[in-house]
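Reproduced below: coords.pdb, with PDB, C-alpha atoms.
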ATOM      1  CA  MET A 108       3.055  32.026  14.636
ATOM      2  CA  ASN A 109       1.285  30.936  11.469
ATOM      3  CA  ALA A 110       1.227  27.159  11.056
ATOM      4  CA  VAL A 111       0.827  27.292   7.255
ATOM      5  CA  PRO A 112       4.551  27.681   6.381
ATOM      6  CA  ALA A 113       5.458  24.881   8.785
ATOM      7  CA  LEU A 114       2.791  22.566   7.361
ATOM      8  CA  LEU A 115       3.652  23.351   3.748
ATOM      9  CA  GLY A 116       7.368  22.936   4.419
ATOM     10  CA  TYR A 117       6.750  19.649   6.153
ATOM     11  CA  ALA A 118       4.503  18.437   3.307
ATOM     12  CA  ALA A 119       7.196  19.382   0.787
ATOM     13  CA  GLY A 120       9.795  17.431   2.766
ATOM     14  CA  VAL A 121       7.571  14.369   3.024
ATOM     15  CA  GLY A 122       6.381  14.543  -0.569
ATOM     16  CA  LEU A 123       9.701  15.343  -2.258
ATOM     17  CA  LEU A 124      12.678  14.494  -0.040
ATOM     18  CA  ALA A 125      11.581  11.497   2.037
ATOM     19  CA  PRO A 126      11.019   9.225  -1.008
ATOM     20  CA  GLN A 127      14.566   9.888  -2.231
ATOM     21  CA  LEU A 128      16.019   9.022   1.169
ATOM     22  CA  LEU A 129      14.078   5.754   1.270
ATOM     23  CA  LEU A 130      15.013   4.819  -2.291
ATOM     24  CA  ARG A 131      18.705   5.358  -1.571
ATOM     25  CA  SER A 132      18.611   3.294   1.623
ATOM     26  CA  ALA A 133      19.573  -0.369   1.686
ATOM     27  CA  TRP A 134      17.416  -1.439   4.627
ATOM     28  CA  PRO A 135      13.884  -1.423   3.005
ATOM     29  CA  HIS A 136      14.463  -4.629   1.027
ATOM     30  CA  ARG A 137      15.953  -6.210   4.148
ATOM     31  CA  ALA A 138      12.819  -5.427   6.173
ATOM     32  CA  PRO A 139       9.947  -5.178   3.671
ATOM     33  CA  VAL A 140       7.135  -5.161   6.249
ATOM     34  CA  LEU A 141       8.675  -2.233   8.093
ATOM     35  CA  ALA A 142       9.472  -0.440   4.826
ATOM     36  CA  LEU A 143       5.884  -0.789   3.619
ATOM     37  CA  THR A 144       4.659   0.592   6.948
ATOM     38  CA  VAL A 145       6.941   3.616   6.540
ATOM     39  CA  TRP A 146       5.702   4.297   2.993
ATOM     40  CA  LEU A 147       2.079   4.097   4.136
ATOM     41  CA  GLY A 148       2.848   6.310   7.135
ATOM     42  CA  LEU A 149       4.335   8.947   4.840
ATOM     43  CA  THR A 150       1.209   8.981   2.659
ATOM     44  CA  VAL A 151      -1.002   9.438   5.727
ATOM     45  CA  SER A 152       1.291  12.171   7.042
ATOM     46  CA  PHE A 153       1.271  14.082   3.744
ATOM     47  CA  THR A 154      -2.529  13.886   3.542
ATOM     48  CA  LEU A 155      -2.929  15.252   7.064
ATOM     49  CA  ALA A 156      -0.391  18.018   6.427
ATOM     50  CA  ALA A 157      -2.188  19.078   3.251
ATOM     51  CA  ALA A 158      -5.576  19.001   4.996
ATOM     52  CA  LEU A 159      -4.370  21.050   7.975
ATOM     53  CA  ALA A 160      -2.614  23.538   5.695
ATOM     54  CA  ALA A 161      -5.913  24.014   3.855
ATOM     55  CA  HIS A 162      -7.636  24.587   7.206
ATOM     56  CA  HIS A 163      -5.151  27.260   8.277
ATOM     57  CA  LEU A 164      -5.213  28.939   4.866
ATOM     58  CA  ALA A 165      -8.962  29.295   5.185
ATOM     59  CA  ALA A 166      -8.702  30.591   8.762
ATOM     60  CA  PRO A 167      -5.186  32.059   9.009
ATOM     61  CA  THR A 168      -5.752  33.909  12.288
ATOM     62  CA  ARG A 169      -7.420  31.065  14.167
ATOM     63  CA  HIS A 170      -6.145  28.245  16.274
ATOM     64  CA  LEU A 171      -7.196  24.702  15.416
ATOM     65  CA  HIS A 172      -9.600  24.403  18.332
ATOM     66  CA  ILE A 173     -11.470  27.463  17.031
ATOM     67  CA  GLY A 174     -11.875  25.640  13.747
ATOM     68  CA  LEU A 175     -13.337  22.720  15.635
ATOM     69  CA  ILE A 176     -15.856  25.090  17.168
ATOM     70  CA  GLY A 177     -16.648  26.001  13.595
ATOM     71  CA  VAL A 178     -17.526  22.342  12.999
ATOM     72  CA  LEU A 179     -20.067  22.512  15.818
ATOM     73  CA  ARG A 180     -21.499  25.689  14.435
ATOM     74  CA  THR A 181     -21.746  24.257  10.957
ATOM     75  CA  CYS A 182     -23.561  21.217  12.331
ATOM     76  CA  GLY A 183     -25.974  23.422  14.269
ATOM     77  CA  LEU A 184     -24.542  22.422  17.650
ATOM     78  CA  ALA A 185     -23.474  25.937  18.582
ATOM     79  CA  THR A 186     -25.570  29.033  18.763
ATOM     80  CA  SER A 187     -23.463  31.442  16.698
ATOM     81  CA  HIS A 188     -23.928  31.580  12.950
ATOM     82  CA  PRO A 189     -20.890  30.188  11.082
ATOM     83  CA  THR A 190     -19.041  32.607   8.866
ATOM     84  CA  THR A 191     -17.722  31.842   5.390
ATOM     85  CA  ALA A 192     -14.267  31.355   6.910
ATOM     86  CA  ASP A 193     -15.726  28.854   9.388
ATOM     87  CA  ARG A 194     -17.250  26.838   6.572
ATOM     88  CA  LEU A 195     -14.128  26.953   4.406
ATOM     89  CA  ALA A 196     -11.953  25.961   7.364
ATOM     90  CA  ILE A 197     -13.974  22.757   7.594
ATOM     91  CA  VAL A 198     -14.812  22.055   3.945
ATOM     92  CA  LEU A 199     -11.294  22.435   2.524
ATOM     93  CA  PRO A 200      -9.486  19.967   4.833
ATOM     94  CA  LEU A 201     -12.375  17.516   4.592
ATOM     95  CA  ALA A 202     -12.152  17.747   0.803
ATOM     96  CA  VAL A 203      -8.469  16.772   0.922
ATOM     97  CA  VAL A 204      -9.133  13.812   3.230
ATOM     98  CA  PHE A 205     -12.185  12.602   1.331
ATOM     99  CA  LEU A 206     -10.318  12.920  -1.966
ATOM    100  CA  VAL A 207      -7.903  10.222  -0.762
ATOM    101  CA  LEU A 208     -10.538   8.144   1.013
ATOM    102  CA  GLY A 209     -12.857   8.333  -1.988
ATOM    103  CA  ARG A 210     -10.084   7.200  -4.310
ATOM    104  CA  PHE A 211      -9.320   4.337  -1.935
ATOM    105  CA  ALA A 212     -12.961   3.231  -1.936
ATOM    106  CA  LEU A 213     -13.017   3.373  -5.746
ATOM    107  CA  GLU A 214      -9.827   1.315  -6.000
ATOM    108  CA  VAL A 215     -11.230  -1.308  -3.633
ATOM    109  CA  LEU A 216     -14.525  -1.483  -5.537
ATOM    110  CA  ARG A 217     -12.798  -1.566  -8.922
ATOM    111  CA  GLY A 218     -10.552  -4.431  -7.814
ATOM    112  CA  ARG A 219     -13.471  -6.299  -6.280
ATOM    113  CA  ARG A 220     -15.514  -6.042  -9.490
ATOM    114  CA  ALA A 221     -12.586  -7.242 -11.600
ATOM    115  CA  ARG A 222     -11.977 -10.197  -9.290
ATOM    116  CA  SER A 223     -15.680 -11.021  -9.191
ATOM    117  CA  ARG A 224     -15.866 -11.154 -12.998
ATOM    118  CA  HIS A 225     -12.770 -13.326 -13.166
ATOM    119  CA  ARG A 226     -14.049 -15.559 -10.377
ATOM    120  CA  THR A 227     -17.215 -16.195 -12.393
ATOM    121  CA  ILE A 228     -15.094 -17.305 -15.340
ATOM    122  CA  LEU A 229     -13.015 -19.559 -13.095
ATOM    123  CA  ASP A 230     -16.177 -21.247 -11.818
ATOM    124  CA  MET A 231     -16.993 -22.195 -15.409
ATOM    125  CA  VAL A 232     -13.593 -23.223 -16.772
ATOM    126  CA  GLY A 233     -11.569 -24.247 -13.698
ATOM    127  CA  ARG A 234     -11.731 -27.228 -11.395
ATOM    128  CA  ARG A 235     -11.150 -27.264  -7.661
ATOM    129  CA  SER A 236      -8.197 -29.315  -6.395
ATOM    130  CA  THR A 237      -8.500 -30.280  -2.751
ATOM    131  CA  ARG A 238      -4.927 -31.559  -2.785
ATOM    132  CA  LEU A 239      -3.528 -28.202  -3.883
ATOM    133  CA  CYS A 240      -6.248 -26.097  -2.227
ATOM    134  CA  ALA A 241      -6.394 -24.183  -5.488
ATOM    135  CA  THR A 242      -8.357 -23.800  -8.701
ATOM    136  CA  VAL A 243      -6.657 -25.573 -11.604
ATOM    137  CA  LEU A 244      -6.967 -24.253 -15.143
ATOM    138  CA  ASP A 245      -6.571 -26.609 -18.083
ATOM    139  CA  HIS A 246      -3.943 -24.473 -19.775
ATOM    140  CA  ASP A 247      -0.510 -25.535 -21.071
ATOM    141  CA  LEU A 248       1.221 -22.230 -20.298
ATOM    142  CA  PRO A 249       2.555 -21.976 -16.731
ATOM    143  CA  ALA A 250       0.580 -19.540 -14.613
ATOM    144  CA  ALA A 251      -0.090 -19.020 -10.922
ATOM    145  CA  TYR A 252      -1.873 -16.142  -9.233
ATOM    146  CA  CYS A 253      -4.378 -15.377  -6.507
ATOM    147  CA  LEU A 254      -7.617 -13.447  -6.212
ATOM    148  CA  PRO A 255      -7.603 -11.864  -2.736
ATOM    149  CA  GLY A 256     -10.490 -10.301  -0.874
ATOM    150  CA  HIS A 257     -14.011 -11.724  -0.797
ATOM    151  CA  ARG A 258     -14.072 -15.464  -1.600
ATOM    152  CA  PRO A 259     -10.292 -15.617  -2.171
ATOM    153  CA  ARG A 260      -8.907 -18.025  -4.694
ATOM    154  CA  VAL A 261      -5.468 -19.399  -5.580
ATOM    155  CA  VAL A 262      -5.236 -20.287  -9.263
ATOM    156  CA  VAL A 263      -2.653 -22.470 -10.993
ATOM    157  CA  SER A 264      -2.502 -23.826 -14.519
ATOM    158  CA  VAL A 265      -1.888 -27.423 -15.579
ATOM    159  CA  GLY A 266       1.245 -26.160 -17.317
ATOM    160  CA  ALA A 267       2.637 -24.914 -14.003
ATOM    161  CA  VAL A 268       1.762 -28.176 -12.234
ATOM    162  CA  ARG A 269       3.636 -30.135 -14.900
ATOM    163  CA  LEU A 270       6.603 -27.757 -15.014
ATOM    164  CA  LEU A 271       7.291 -27.431 -11.293
ATOM    165  CA  SER A 272       8.432 -30.052  -8.837
ATOM    166  CA  PRO A 273       6.155 -30.679  -5.836
ATOM    167  CA  ASP A 274       8.334 -28.514  -3.584
ATOM    168  CA  GLN A 275       8.514 -25.739  -6.162
ATOM    169  CA  LEU A 276       4.766 -25.832  -6.638
ATOM    170  CA  GLU A 277       4.204 -25.649  -2.891
ATOM    171  CA  ALA A 278       6.515 -22.618  -2.695
ATOM    172  CA  VAL A 279       4.533 -20.858  -5.430
ATOM    173  CA  LEU A 280       1.202 -21.662  -3.792
ATOM    174  CA  GLU A 281       2.452 -20.511  -0.390
ATOM    175  CA  HIS A 282       3.568 -17.258  -1.979
ATOM    176  CA  GLU A 283       0.055 -16.691  -3.303
ATOM    177  CA  ARG A 284      -1.570 -17.645   0.008
ATOM    178  CA  ALA A 285       0.574 -15.009   1.698
ATOM    179  CA  HIS A 286      -1.021 -12.325  -0.465
ATOM    180  CA  ILE A 287      -4.471 -13.514   0.597
ATOM    181  CA  THR A 288      -3.872 -13.885   4.324
ATOM    182  CA  GLY A 289      -1.952 -10.612   4.469
ATOM    183  CA  ARG A 290      -4.758  -8.712   2.669
ATOM    184  CA  HIS A 291      -2.122  -7.216   0.425
ATOM    185  CA  HIS A 292      -4.737  -5.911  -2.000
ATOM    186  CA  LEU A 293      -5.774  -3.286   0.567
ATOM    187  CA  ALA A 294      -2.244  -1.930   1.001
ATOM    188  CA  LEU A 295      -1.823  -1.813  -2.772
ATOM    189  CA  ALA A 296      -5.203  -0.091  -3.181
ATOM    190  CA  ALA A 297      -4.160   2.523  -0.604
ATOM    191  CA  THR A 298      -0.990   3.466  -2.497
ATOM    192  CA  GLN A 299      -2.820   3.427  -5.832
ATOM    193  CA  ALA A 300      -5.510   5.713  -4.411
ATOM    194  CA  PHE A 301      -2.892   8.128  -3.068
ATOM    195  CA  ALA A 302      -1.159   8.152  -6.470
ATOM    196  CA  ARG A 303      -4.437   8.983  -8.212
ATOM    197  CA  ALA A 304      -5.187  11.749  -5.709
ATOM    198  CA  PHE A 305      -1.717  13.331  -6.122
ATOM    199  CA  PRO A 306      -0.540  12.101  -9.552
ATOM    200  CA  ARG A 307       2.478  14.444  -9.867
ATOM    201  CA  LEU A 308       3.821  13.934  -6.362
ATOM    202  CA  PRO A 309       7.068  11.887  -6.146
ATOM    203  CA  LEU A 310       5.915  10.297  -2.885
ATOM    204  CA  ALA A 311       2.742   9.054  -4.559
ATOM    205  CA  ARG A 312       4.551   7.609  -7.575
ATOM    206  CA  HIS A 313       7.298   5.895  -5.607
ATOM    207  CA  ALA A 314       4.981   4.628  -2.859
ATOM    208  CA  ARG A 315       2.835   2.860  -5.462
ATOM    209  CA  GLU A 316       5.854   1.327  -7.191
ATOM    210  CA  GLN A 317       7.613   0.273  -4.005
ATOM    211  CA  ALA A 318       4.455  -1.136  -2.428
ATOM    212  CA  GLY A 319       4.121  -3.646  -5.263
ATOM    213  CA  VAL A 320       7.743  -4.769  -4.911
ATOM    214  CA  LEU A 321       7.652  -4.925  -1.103
ATOM    215  CA  LEU A 322       4.418  -6.922  -1.055
ATOM    216  CA  GLU A 323       6.009  -9.515  -3.339
ATOM    217  CA  MET A 324       9.051  -9.683  -1.059
ATOM    218  CA  ILE A 325       6.800 -10.154   1.960
ATOM    219  CA  ALA A 326       5.099 -13.053   0.175
ATOM    220  CA  ASP A 327       8.512 -14.487  -0.750
ATOM    221  CA  ASP A 328       9.540 -14.426   2.903
ATOM    222  CA  ARG A 329       6.350 -16.268   3.816
ATOM    223  CA  ALA A 330       7.105 -18.961   1.229
ATOM    224  CA  LEU A 331      10.622 -19.335   2.651
ATOM    225  CA  ARG A 332       9.102 -20.524   5.921
ATOM    226  CA  ARG A 333       8.012 -23.682   4.123
ATOM    227  CA  GLN A 334      10.659 -24.191   1.445
ATOM    228  CA  SER A 335      14.362 -23.578   0.932
ATOM    229  CA  ARG A 336      15.801 -20.603  -0.912
ATOM    230  CA  GLU A 337      16.960 -22.814  -3.777
ATOM    231  CA  VAL A 338      13.482 -24.266  -4.252
ATOM    232  CA  LEU A 339      11.791 -20.861  -4.239
ATOM    233  CA  ALA A 340      14.411 -19.326  -6.534
ATOM    234  CA  THR A 341      14.107 -22.081  -9.139
ATOM    235  CA  ALA A 342      10.308 -21.842  -8.973
ATOM    236  CA  MET A 343      10.481 -18.086  -9.508
ATOM    237  CA  TYR A 344      12.857 -18.590 -12.426
ATOM    238  CA  GLU A 345      10.556 -21.119 -14.053
ATOM    239  CA  MET A 346       7.545 -18.839 -13.558
ATOM    240  CA  ALA A 347       9.286 -15.602 -14.563
ATOM    241  CA  ALA A 348       7.838 -15.707 -18.071
ATOM    242  CA  ALA A 349       4.383 -16.769 -16.928
ATOM    243  CA  LYS A 350       1.318 -15.041 -18.271
ATOM    244  CA  ALA A 351       0.533 -11.747 -16.516
ATOM    245  CA  ALA A 352      -2.033 -11.900 -13.741
ATOM    246  CA  PRO A 353      -5.521 -10.554 -14.409
ATOM    247  CA  ALA A 354      -6.681  -7.229 -12.976
ATOM    248  CA  GLY A 355      -6.949  -7.239  -9.204
ATOM    249  CA  ALA A 356      -4.772 -10.354  -8.805
ATOM    250  CA  PHE A 357      -1.226 -11.066  -7.567
ATOM    251  CA  ALA A 358       1.198 -13.322  -9.428
ATOM    252  CA  VAL A 359       4.494 -14.879  -8.379
ATOM    253  CA  GLY A 360       6.212 -13.498 -11.499
ATOM    254  CA  GLY A 361       6.304  -9.939 -12.728
ATOM    255  CA  PRO A 362       8.751  -7.097 -13.444
ATOM    256  CA  SER A 363      10.366  -7.343  -9.996
ATOM    257  CA  THR A 364      11.278 -11.029 -10.383
ATOM    258  CA  LEU A 365      14.993 -10.445 -11.081
ATOM    259  CA  LEU A 366      15.384  -8.190  -8.048
ATOM    260  CA  ARG A 367      13.559 -10.690  -5.872
ATOM    261  CA  LEU A 368      15.591 -13.595  -7.234
ATOM    262  CA  ARG A 369      18.802 -11.877  -6.184
ATOM    263  CA  ARG A 370      17.322 -11.219  -2.762
ATOM    264  CA  VAL A 371      16.279 -14.851  -2.317
ATOM    265  CA  LEU A 372      19.592 -16.312  -3.511
ATOM    266  CA  ASP A 373      21.795 -13.795  -1.674
ATOM    267  CA  PRO A 374      19.801 -12.996   1.444
ATOM    268  CA  PRO A 375      20.615  -9.545   2.845
ATOM    269  CA  ARG A 376      21.495  -9.111   6.479
ATOM    270  CA  ARG A 377      18.659  -8.018   8.697
ATOM    271  CA  PRO A 378      18.862  -4.316   9.543
ATOM    272  CA  HIS A 379      20.589  -3.421  12.774
ATOM    273  CA  PRO A 380      18.153  -3.308  15.711
ATOM    274  CA  ALA A 381      18.847   0.415  16.059
ATOM    275  CA  ILE A 382      17.750   0.997  12.467
ATOM    276  CA  ARG A 383      14.662  -1.173  12.882
ATOM    277  CA  GLY A 384      13.742   0.595  16.089
ATOM    278  CA  SER A 385      14.246   4.077  14.675
ATOM    279  CA  MET A 386      12.275   3.285  11.516
ATOM    280  CA  ALA A 387       9.453   1.717  13.515
ATOM    281  CA  ALA A 388       9.349   4.814  15.704
ATOM    282  CA  ALA A 389       9.347   7.016  12.620
ATOM    283  CA  ALA A 390       6.468   5.051  11.085
ATOM    284  CA  ALA A 391       4.464   5.598  14.275
ATOM    285  CA  VAL A 392       5.363   9.261  14.791
ATOM    286  CA  VAL A 393       5.306  10.621  11.231
ATOM    287  CA  PRO A 394       1.490  10.623  10.881
ATOM    288  CA  VAL A 395       1.232  12.606  14.141
ATOM    289  CA  ILE A 396       3.700  15.374  13.242
ATOM    290  CA  PRO A 397       1.214  17.371  11.079
ATOM    291  CA  LEU A 398      -1.172  17.430  14.047
ATOM    292  CA  LEU A 399       1.560  19.029  16.186
ATOM    293  CA  PHE A 400       2.159  21.702  13.547
ATOM    294  CA  GLY A 401      -1.569  22.201  13.060
ATOM    295  CA  CYS A 402      -2.176  22.726  16.763
ATOM    296  CA  LEU A 403       0.511  25.385  17.136
ATOM    297  CA  PRO A 404      -0.983  28.570  18.506
ATOM    298  CA  THR A 405      -1.273  31.372  16.031
ATOM    299  CA  VAL A 406       0.191  34.680  17.009
ATOM    300  CA  GLY A 407      -0.986  37.719  15.180
TER     301      GLY A 407
END
So, in terms of structure tokens, how does the structure I just supplied come out?
Amino acid sequence: MNAVPALLGYAAGVGLLAPQLLLRSAWPHRAPVLALTVWLGLTVSFTLAAALAAHHLAAPTRHLHIGLIGVLRTCGLATSHPTTADRLAIVLPLAVVFLVLGRFALEVLRGRRARSRHRTILDMVGRRSTRLCATVLDHDLPAAYCLPGHRPRVVVSVGAVRLLSPDQLEAVLEHERAHITGRHHLALAATQAFARAFPRLPLARHAREQAGVLLEMIADDRALRRQSREVLATAMYEMAAAKAAPAGAFAVGGPSTLLRLRRVLDPPRRPHPAIRGSMAAAAAVVPVIPLLFGCLPTVG
């Protein structure tokens, strides 16, 4: 049995059908951490399926373990001389994997450079507030955002400090701290890298869009541990028209504010434990499925 049709069919299902099922489901916004894990699991699964399909296309009559022997031969660890098929069976899947990993590294570096440049500006024009544990900008327009990663920074403007009540301000700052402690920039960079590697794939487009929304919801839930829903909702409303965050930063406002406001004011029920359990199992199993297809024995 040739594994290529199974791998390509599975990749098509993950890349085309799975995003539609997730988008039509109600549970992702009720469990944003789990939903984000599922989206990331699907991107990993698609990448592995595409890589293994490339391997089997290059060596259609060989089982996966024979391809691994080809790796040893290519590295000079086996005595036989590798054939062109051996080399292609290794180079093609590695190219698929390194395409995604390379894009991820570029996204991380690009974000780090942008944050580093902005951090340099903040050191010149901002002042550190020990009371707020944030950098305060002398600007009348309300703004609040964070620079995650190396030397993280929470930034708030004087306009926001004047506009918000102490509880509202604390809710906004806690929201930004959640992005930093959760290393949300890495999850966002992963979905952005996948979207750049497969720009026309529905999974890539929707994973990038949904990751941004889900990360904001996760930060909202963190802020709700410290403040009430009414306080957070009014703070979000006041900051909805705030200036957009700089490149590489997260802001409490943004295009998803209305959706998040509704979620905060009318909290959805937590998904049924059966749904949470099945989705958690799916997130764990989905990345492994391509390996099962790829290891199927090939029958001439």
- [ ] Please provide as a list in words all residues within 7 Å of Leu244 in chain A, with the sequence filter that same-chain residues fewer than 5 positions apart are discarded (counting only C-alpha atoms).
- [x] Val232, Gly233, Arg234, Val263, Ser264 and Val265 of chain A
- [ ] Translate the PyMOL selection byres ((chain A and resi 125-131) around 12), as applied to the file shown, into an explicit residue set as a PyMOL selection string.
- [x] chain A and resi 117-124+132-136+139+141-143+145-150+152-153+308-317+386+389+393
Task: Spatial neighbours of Ala165 in chain A, 6 Å, only C-alpha atoms, chain gap at least 2 places, as a list in words - done: His162, His163, Ala192, Leu195 and Ala196 of chain A
What residues come out when you apply the PyMOL selection byres ((chain A and resi 331) around 12) to this file, written as a tab-separated table (two decimals) with C-alpha atoms, in the coordinates of the input?
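As a result, selection-v3.tsv now contains:
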chain	number	residue	atom	x	y	z
A	274	ASP	CA	8.33	-28.51	-3.58
A	275	GLN	CA	8.51	-25.74	-6.16
A	277	GLU	CA	4.20	-25.65	-2.89
A	278	ALA	CA	6.52	-22.62	-2.70
A	279	VAL	CA	4.53	-20.86	-5.43
A	280	LEU	CA	1.20	-21.66	-3.79
A	281	GLU	CA	2.45	-20.51	-0.39
A	282	HIS	CA	3.57	-17.26	-1.98
A	285	ALA	CA	0.57	-15.01	1.70
A	324	MET	CA	9.05	-9.68	-1.06
A	325	ILE	CA	6.80	-10.15	1.96
A	326	ALA	CA	5.10	-13.05	0.18
A	327	ASP	CA	8.51	-14.49	-0.75
A	328	ASP	CA	9.54	-14.43	2.90
A	329	ARG	CA	6.35	-16.27	3.82
A	330	ALA	CA	7.10	-18.96	1.23
A	332	ARG	CA	9.10	-20.52	5.92
A	333	ARG	CA	8.01	-23.68	4.12
A	334	GLN	CA	10.66	-24.19	1.44
A	335	SER	CA	14.36	-23.58	0.93
A	336	ARG	CA	15.80	-20.60	-0.91
A	337	GLU	CA	16.96	-22.81	-3.78
A	338	VAL	CA	13.48	-24.27	-4.25
A	339	LEU	CA	11.79	-20.86	-4.24
A	340	ALA	CA	14.41	-19.33	-6.53
A	342	ALA	CA	10.31	-21.84	-8.97
A	370	ARG	CA	17.32	-11.22	-2.76
A	371	VAL	CA	16.28	-14.85	-2.32
A	372	LEU	CA	19.59	-16.31	-3.51
A	374	PRO	CA	19.80	-13.00	1.44
- [ ] Pull out every residue that the PyMOL selection byres ((chain A and resi 300) around 7) matches in the shown coordinates and put them as a list in words.
- [x]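 Taken over the shown coordinates, the PyMOL selection byres ((chain A and resi 300) around 7) returns Val207, Arg210, Phe211, Glu214, Ala296, Ala297, Thr298, Gln299, Phe301, Ala302, Arg303 and Ala304 of chain A.
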Task: Interatomic distance (Å, one decimal) between CA of Pro249 in chain A and CA of Arg220 in chain A - done: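 Rounded to one decimal, the two atoms are 25.2 Å apart.
Distance-wise, CA of Thr364 in chain A and CA of Arg376 in chain A end up 19.8 Å apart.
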As AutoDock Vina command-line options: centre and edge lengths in Å, one decimal, of the axis-aligned box holding range 268-285 of chain A with 4 Å per side:
--center_x 3.5 --center_y -22.8 --center_z -6.7 --size_x 18.1 --size_y 23.7 --size_z 24.7
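Each of A:Leu159, A:Leu321, A:Leu366, A:Ala138 was checked against Pro378 in chain A using only C-alpha atoms; the smallest atom-to-atom distance is that of A:Ala138.
With CA of Ala241 in chain A on one side and CA of Val262 in chain A on the other, the separation reads 5.5 Å.
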Task: Neighbour list for Ala158 in chain A as a PyMOL selection string, cut-off 7 Å, all atoms listed in the file, skip fewer than 4 positions in-chain - done: chain A and resi 154+162+200-201+203-204
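Shortest atom-to-atom contact with His291 in chain A among A:Leu155, A:Val198, A:Val140, A:Gly384: A:Val140, counting all atoms listed in the file.
With distances taken over all atoms listed in the file, A:Cys253 is the one residue among A:Cys253, A:Leu295, A:Leu271, A:Ala390 lying closest to Glu283 in chain A.
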Task: A:Leu254, A:Ile382, A:Leu365, A:Leu398 ranked by distance to His225 in chain A, top pick (using only C-alpha atoms) - done: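 Ranking A:Leu254, A:Ile382, A:Leu365, A:Leu398 by distance to His225 in chain A, first place goes to A:Leu254.
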Open item on the list: Ranking A:Ala161, A:Val111, A:Gly266, A:Phe305 by minimum distance to Leu199 in chain A and counting only C-alpha atoms, which one comes first?
Closed with: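 Answer, going by the shortest atom-to-atom distance: A:Ala161.
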Open item on the list: Here is a test: counting all atoms listed in the file, which residue of A:Arg219, A:Arg269, A:Arg369, A:Arg194 is nearest to Gly256 in chain A?
Closed with: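 Of all the options, A:Arg219 lies closest to Gly256 in chain A.
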